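Source file: protein.txt; contents: compact mmCIF, C-alpha atoms.
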```txt
# COMPACT_ATOMS: atom_id res chain seq x y z
CA MET J 1 110.21 114.47 103.76
CA PRO J 2 113.12 112.00 103.36
CA PHE J 3 112.33 108.30 103.08
CA GLU J 4 114.22 107.61 106.32
CA GLU J 5 112.15 110.19 108.23
CA LYS J 6 108.93 108.60 106.99
CA SER J 7 110.34 105.22 107.95
CA VAL J 8 111.10 106.43 111.50
CA ILE J 9 107.60 107.94 111.87
CA ALA J 10 105.94 104.73 110.63
CA THR J 11 108.05 102.46 112.84
CA THR J 12 107.63 104.61 115.94
CA GLY J 13 103.91 104.99 115.29
CA ALA J 14 103.52 101.23 114.86
CA HIS J 15 105.27 100.65 118.21
CA VAL J 16 103.02 103.19 119.97
CA VAL J 17 99.80 101.76 118.52
CA VAL J 18 100.60 98.04 118.78
CA PHE J 19 102.19 98.07 122.22
CA GLY J 20 99.68 100.67 123.44
CA VAL J 21 96.93 98.14 122.67
CA TYR J 22 99.00 95.30 124.17
CA PHE J 23 99.63 97.09 127.49
CA PHE J 24 96.00 98.25 127.65
CA VAL J 25 94.72 94.67 127.22
CA VAL J 26 97.22 93.23 129.71
CA ALA J 27 96.43 95.96 132.27
CA ARG J 28 92.74 95.06 132.02
CA TRP J 29 93.54 91.39 132.56
CA LEU J 30 95.71 92.33 135.52
CA ALA J 31 92.82 94.24 137.09
CA SER J 32 90.85 91.02 137.48
CA THR J 33 93.56 88.34 137.66
CA ALA J 34 96.67 87.78 139.77
CA ALA J 35 99.90 88.49 137.87
CA ASP J 36 101.03 84.86 138.01
CA GLN J 37 97.73 83.74 136.48
CA VAL J 38 97.79 86.12 133.51
CA VAL J 39 98.46 84.15 130.32
CA TYR J 40 100.12 86.95 128.37
CA GLN J 41 102.61 84.87 126.34
CA PRO J 42 100.39 84.10 123.30
CA LEU J 43 99.28 87.74 123.05
CA LEU J 44 102.85 88.99 123.34
CA VAL J 45 104.05 86.66 120.59
CA PHE J 46 101.06 87.53 118.40
CA THR J 47 101.68 91.27 118.95
CA VAL J 48 104.80 90.98 116.80
CA VAL J 49 102.64 90.15 113.75
CA PRO J 50 100.72 93.46 113.50
CA LEU J 51 103.93 95.32 114.33
CA VAL J 52 105.73 93.74 111.37
CA VAL J 53 102.68 94.03 109.08
CA LEU J 54 102.14 97.72 109.87
CA THR J 55 105.82 98.51 109.37
CA VAL J 56 106.11 96.57 106.10
CA ILE J 57 102.87 97.95 104.62
CA SER J 58 103.81 101.55 105.45
CA HIS J 59 107.26 101.13 103.87
CA ILE J 60 105.77 99.57 100.74
CA ALA J 61 103.30 102.47 100.54
CA PHE J 62 106.12 105.04 100.82
CA ALA J 63 108.08 103.23 98.12
CA VAL J 64 105.08 103.05 95.78
CA LEU J 65 104.15 106.71 96.29
CA LYS J 66 107.71 107.97 95.71
CA PRO J 67 109.72 105.20 94.02
CA LYS J 68 112.74 107.43 93.39
CA GLU J 69 113.15 108.12 97.11
CA ALA J 70 112.67 104.50 98.21
CA GLY J 71 115.58 103.37 100.32
CA ALA J 72 117.46 106.65 99.82
CA HIS J 73 119.98 107.06 102.61
CA ASP J 74 122.77 109.57 102.99
CA GLU J 75 125.20 110.99 105.55
CA ARG J 76 122.50 113.10 107.28
CA ASP J 77 120.33 110.02 107.81
CA ALA J 78 123.34 108.18 109.24
CA LEU J 79 124.12 111.07 111.62
CA ILE J 80 120.51 111.31 112.79
CA ALA J 81 120.35 107.54 113.30
CA LEU J 82 123.50 107.78 115.41
CA ARG J 83 122.42 110.78 117.48
CA GLY J 84 118.84 109.63 117.80
CA GLY J 85 119.90 106.25 119.11
CA ARG J 86 121.78 107.56 122.13
CA VAL J 87 118.93 108.33 124.52
CA GLY J 88 117.09 105.06 124.02
CA GLY J 89 120.11 103.21 125.35
CA TYR J 90 119.74 104.96 128.71
CA VAL J 91 116.02 104.18 128.84
CA LEU J 92 116.77 100.54 128.07
CA ALA J 93 119.48 100.47 130.76
CA VAL J 94 117.04 101.80 133.38
CA GLY J 95 114.56 99.11 132.35
CA ALA J 96 117.24 96.41 132.55
CA PHE J 97 118.15 97.48 136.08
CA ALA J 98 114.45 97.59 136.99
CA GLY J 99 114.18 94.02 135.71
CA ILE J 100 117.19 92.97 137.78
CA ALA J 101 115.76 94.70 140.86
CA LEU J 102 112.44 92.90 140.39
CA ALA J 103 114.23 89.56 139.99
CA MET J 104 116.27 90.22 143.16
CA ALA J 105 113.04 90.99 144.99
CA GLU J 106 111.72 87.64 143.73
CA SER J 107 108.89 89.35 141.96
CA SER J 108 106.56 87.56 139.56
CA PRO J 109 108.10 86.72 136.15
CA PHE J 110 105.14 88.63 134.71
CA TYR J 111 106.40 91.91 136.18
CA ILE J 112 110.01 91.22 135.22
CA ALA J 113 109.03 90.44 131.62
CA HIS J 114 106.84 93.53 131.39
CA ALA J 115 109.39 95.85 132.97
CA LEU J 116 111.87 94.74 130.30
CA LEU J 117 109.28 94.94 127.52
CA LEU J 118 108.14 98.40 128.60
CA ALA J 119 111.75 99.60 128.73
CA TRP J 120 112.38 98.30 125.21
CA VAL J 121 109.20 99.90 123.82
CA LEU J 122 109.97 103.22 125.55
CA ALA J 123 113.55 103.08 124.25
CA GLU J 124 112.29 102.54 120.68
CA VAL J 125 109.75 105.36 120.99
CA THR J 126 112.30 107.70 122.60
CA ASP J 127 114.82 107.04 119.83
CA GLY J 128 112.18 107.49 117.14
CA THR J 129 110.90 110.73 118.65
CA ARG J 130 114.39 112.14 118.98
CA LYS J 131 115.16 111.26 115.35
CA ILE J 132 111.98 112.98 114.17
CA VAL J 133 112.92 116.10 116.18
CA LEU J 134 116.41 116.04 114.64
CA TYR J 135 114.93 115.75 111.14
CA ARG J 136 112.59 118.67 111.77
CA ARG J 137 114.79 121.04 113.76
CA GLY J 138 118.15 120.19 112.32
CA ALA J 139 121.05 117.85 112.91
CA MET R 1 116.53 125.36 120.72
CA PRO R 2 119.73 126.95 119.33
CA LYS R 3 120.39 126.73 115.62
CA PRO R 4 122.24 123.45 115.03
CA THR R 5 125.08 125.12 113.13
CA LEU R 6 126.74 128.53 112.88
CA VAL R 7 127.89 127.74 109.37
CA THR R 8 126.12 129.82 106.76
CA ASN R 9 126.14 129.24 103.03
CA ARG R 10 125.41 130.77 99.65
CA ILE R 11 124.02 127.66 98.01
CA ARG R 12 120.69 129.29 97.14
CA ALA R 13 122.48 132.16 95.37
CA LEU R 14 124.88 129.79 93.65
CA ARG R 15 121.99 127.65 92.41
CA PHE R 16 120.33 130.79 91.07
CA ASP R 17 123.51 131.75 89.23
CA ALA R 18 123.75 128.23 87.83
CA ALA R 19 120.62 128.66 85.70
CA GLU R 20 118.34 128.10 88.71
CA MET R 21 119.68 124.61 89.32
CA SER R 22 117.12 122.66 91.33
CA GLN R 23 117.89 121.15 94.73
CA GLY R 24 117.16 117.75 93.22
CA VAL R 25 119.79 118.14 90.50
CA LEU R 26 122.37 119.38 93.00
CA ALA R 27 121.50 116.50 95.34
CA GLU R 28 121.96 113.97 92.55
CA ARG R 29 125.33 115.41 91.59
CA ILE R 30 126.72 115.34 95.13
CA GLY R 31 125.15 112.02 96.14
CA VAL R 32 122.71 113.04 98.86
CA THR R 33 118.92 113.36 99.04
CA ARG R 34 117.10 116.53 97.99
CA GLN R 35 115.96 116.96 101.59
CA THR R 36 119.57 117.00 102.77
CA VAL R 37 120.42 119.75 100.28
CA ASN R 38 117.41 121.67 101.60
CA ALA R 39 118.57 121.15 105.21
CA ILE R 40 122.08 122.36 104.33
CA GLU R 41 120.70 125.38 102.50
CA GLN R 42 118.54 126.33 105.49
CA GLY R 43 121.42 125.94 107.95
CA LYS R 44 119.81 122.95 109.66
CA TYR R 45 122.66 120.63 108.83
CA SER R 46 126.41 121.05 108.36
CA PRO R 47 127.57 118.66 105.65
CA SER R 48 130.70 116.55 105.85
CA LEU R 49 133.85 118.07 104.40
CA GLU R 50 133.58 115.69 101.47
CA VAL R 51 130.04 116.82 100.56
CA ALA R 52 131.07 120.45 101.09
CA PHE R 53 133.89 120.04 98.57
CA LYS R 54 131.52 118.31 96.14
CA ILE R 55 129.10 121.25 96.36
CA ALA R 56 131.91 123.73 95.70
CA ARG R 57 133.10 121.64 92.75
CA VAL R 58 129.60 121.54 91.20
CA PHE R 59 129.49 125.34 91.18
CA GLY R 60 133.16 125.70 90.23
CA VAL R 61 134.02 127.85 93.25
CA THR R 62 136.19 127.52 96.35
CA LEU R 63 134.89 126.14 99.63
CA ASP R 64 134.77 129.54 101.35
CA GLU R 65 132.72 130.94 98.51
CA VAL R 66 130.04 128.42 99.45
CA PHE R 67 130.35 128.21 103.24
CA GLN R 68 131.11 130.91 105.79
CA TYR R 69 131.77 130.79 109.50
CA PRO R 70 131.24 133.87 111.72
CA PRO R 71 134.40 135.45 113.22
CA ASP R 72 134.96 135.19 117.02
```
Taking this structure as input, can you express it in the form of structure tokens?
Amino acid sequence: MPFEEKSVIATTGAHVVVFGVYFFVVARWLASTAADQVVYQPLLVFTVVPLVVLTVISHIAFAVLKPKEAGAHDERDALIALRGGRVGGYVLAVGAFAGIALAMAESSPFYIAHALLLAWVLAEVTDGTRKIVLYRRGA
Amino acid sequence: MPKPTLVTNRIRALRFDAAEMSQGVLAERIGVTRQTVNAIEQGKYSPSLEVAFKIARVFGVTLDEVFQYPPD
């Protein structure tokens, strides 16, 4: 498995796990508290820490296990990065318009922030998944 | 899902003829990863023209002795 493929799997997996936990926790808070009263900002900022830590640790592990392959990148990786990154842009665009629609409807900033955040996470996961499929099935 | 490329190749046979050259050695000589050589060999990836020429040069053959494209 190429270094870049492992990198994509680790990064996508980290997004799924970290933001899966984040959205689960926030949804539970939302079940018992009004959206405007939910203090999500500290958790959201703190969520970046495990995301970075997981990503960095996994990359270090890949590099230690196969030092010769560490950072190896060629034209196929570049093509897959390009092709894999197309779909996520559409997902992000839908999320951006959802955010605009919520703002126009004078919705709570909580929902606007989370619509944008969800769109970004889904875009990252969509891109990552598509790249993994391209690595496995061919590009 | 359709096969990503119609281009076929004889890289496996050419490696065999070149004293069973490994994918890793070929990859090093043409400047790509071993996994990319494997993907090319299995028809999962069509290399750039530049890499295709490099492969042909490694084996000392012409481009169409390495890669083939089916007639219409």
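Nearest-residue note for Thr33 of chain R: choosing from J:Ala113, J:Val56, J:Val16, J:Ala70, the minimum distance belongs to J:Ala70, counting all atoms listed in the file.
Distances to Pro2 of chain J were evaluated for J:Asp36, J:Asp127, J:Glu69, J:Glu106 using all atoms listed in the file, and the minimum falls at J:Glu69.
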Open item on the list: If we count only C-alpha atoms and set the cut-off at 6 Å, which residues sit around segment 45-60 of chain R, ignoring sequence neighbours fewer than 5 positions away in its own chain? Please answer as a ChimeraX atom specification.
Closed with: /J:138-139 /R:30,39-40
At a cut-off of 7 Å, using only C-alpha atoms, what residues contact Thr8 of chain R? Leave out same-chain residues fewer than 2 positions from it and give the result as a short mmCIF file (atom, residue, chain, number, x, y, z; two decimals) with C-alpha atoms, keeping the file's coordinate frame.
```cif
data_model
loop_
_atom_site.label_atom_id
_atom_site.label_comp_id
_atom_site.auth_asym_id
_atom_site.auth_seq_id
_atom_site.Cartn_x
_atom_site.Cartn_y
_atom_site.Cartn_z
CA LEU R 6 126.74 128.53 112.88
CA GLY R 43 121.42 125.94 107.95
CA PHE R 67 130.35 128.21 103.24
CA GLN R 68 131.11 130.91 105.79
CA TYR R 69 131.77 130.79 109.50
#
```
Chain R near chain J within 7 Å: what's each residue's closest atom pair and its distance in Å to one decimal, counting only C-alpha atoms, ordered by chain then ascending residue number, as JSON lines?
```
{"residue": "R:Pro4", "atom": "CA", "partner": "J:Gly138", "partner_atom": "CA", "distance": 5.9}
{"residue": "R:Val32", "atom": "CA", "partner": "J:Asp74", "partner_atom": "CA", "distance": 5.4}
{"residue": "R:Thr33", "atom": "CA", "partner": "J:Asp74", "partner_atom": "CA", "distance": 6.7}
{"residue": "R:Gln35", "atom": "CA", "partner": "J:Pro2", "partner_atom": "CA", "distance": 6.0}
{"residue": "R:Thr36", "atom": "CA", "partner": "J:Arg76", "partner_atom": "CA", "distance": 6.6}
{"residue": "R:Lys44", "atom": "CA", "partner": "J:Gly138", "partner_atom": "CA", "distance": 4.2}
{"residue": "R:Tyr45", "atom": "CA", "partner": "J:Ala139", "partner_atom": "CA", "distance": 5.2}
```
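For the pair atom CA of Glu124 of chain J and atom CA of Gly88 of chain J, the interatomic distance is 6.4 Å.
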Open item on the list: Residues near Thr55 of chain J, anyone? I mean within 12 Å using all atoms listed in the file, not counting same-chain ones fewer than 3 positions away, as number ranges by chain.
Closed with: J: 6-18, 48-52, 58-62
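Interatomic distance, atom CA of Val37 of chain R to atom CA of Gln23 of chain R: 6.3 Å.
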Reconstruct N, CA and C atoms of segment 68-80 of chain J from the incomplete input and present them as a PDB file, in the coordinates of the input.
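File selection.pdb, as written:
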```pdb
ATOM      1  N   LYS J  68     111.365 106.925  93.510  1.00  0.00           N
ATOM      2  CA  LYS J  68     112.740 107.430  93.390  1.00  0.00           C
ATOM      3  C   LYS J  68     113.409 107.599  94.753  1.00  0.00           C
ATOM      4  N   GLU J  69     112.591 107.877  95.777  1.00  0.00           N
ATOM      5  CA  GLU J  69     113.150 108.120  97.110  1.00  0.00           C
ATOM      6  C   GLU J  69     113.262 106.840  97.939  1.00  0.00           C
ATOM      7  N   ALA J  70     112.699 105.745  97.432  1.00  0.00           N
ATOM      8  CA  ALA J  70     112.670 104.500  98.210  1.00  0.00           C
ATOM      9  C   ALA J  70     114.083 104.041  98.580  1.00  0.00           C
ATOM     10  N   GLY J  71     114.294 103.872  99.847  1.00  0.00           N
ATOM     11  CA  GLY J  71     115.580 103.370 100.320  1.00  0.00           C
ATOM     12  C   GLY J  71     116.713 104.383 100.287  1.00  0.00           C
ATOM     13  N   ALA J  72     116.399 105.620  99.884  1.00  0.00           N
ATOM     14  CA  ALA J  72     117.460 106.650  99.820  1.00  0.00           C
ATOM     15  C   ALA J  72     118.008 106.903 101.225  1.00  0.00           C
ATOM     16  N   HIS J  73     119.324 106.930 101.299  1.00  0.00           N
ATOM     17  CA  HIS J  73     119.980 107.060 102.610  1.00  0.00           C
ATOM     18  C   HIS J  73     121.280 107.802 102.381  1.00  0.00           C
ATOM     19  N   ASP J  74     121.512 108.853 103.152  1.00  0.00           N
ATOM     20  CA  ASP J  74     122.770 109.570 102.990  1.00  0.00           C
ATOM     21  C   ASP J  74     123.405 109.883 104.339  1.00  0.00           C
ATOM     22  N   GLU J  75     124.433 110.742 104.316  1.00  0.00           N
ATOM     23  CA  GLU J  75     125.200 110.990 105.550  1.00  0.00           C
ATOM     24  C   GLU J  75     124.354 111.640 106.646  1.00  0.00           C
ATOM     25  N   ARG J  76     123.358 112.467 106.259  1.00  0.00           N
ATOM     26  CA  ARG J  76     122.500 113.100 107.280  1.00  0.00           C
ATOM     27  C   ARG J  76     121.648 112.044 107.974  1.00  0.00           C
ATOM     28  N   ASP J  77     121.111 111.101 107.205  1.00  0.00           N
ATOM     29  CA  ASP J  77     120.330 110.020 107.810  1.00  0.00           C
ATOM     30  C   ASP J  77     121.192 109.217 108.783  1.00  0.00           C
ATOM     31  N   ALA J  78     122.433 108.958 108.380  1.00  0.00           N
ATOM     32  CA  ALA J  78     123.340 108.180 109.240  1.00  0.00           C
ATOM     33  C   ALA J  78     123.625 108.941 110.538  1.00  0.00           C
ATOM     34  N   LEU J  79     123.839 110.258 110.426  1.00  0.00           N
ATOM     35  CA  LEU J  79     124.120 111.070 111.620  1.00  0.00           C
ATOM     36  C   LEU J  79     122.914 111.100 112.555  1.00  0.00           C
ATOM     37  N   ILE J  80     121.725 111.269 111.971  1.00  0.00           N
ATOM     38  CA  ILE J  80     120.510 111.310 112.790  1.00  0.00           C
ATOM     39  C   ILE J  80     120.260 109.952 113.451  1.00  0.00           C
TER      40      ILE J  80
END
```
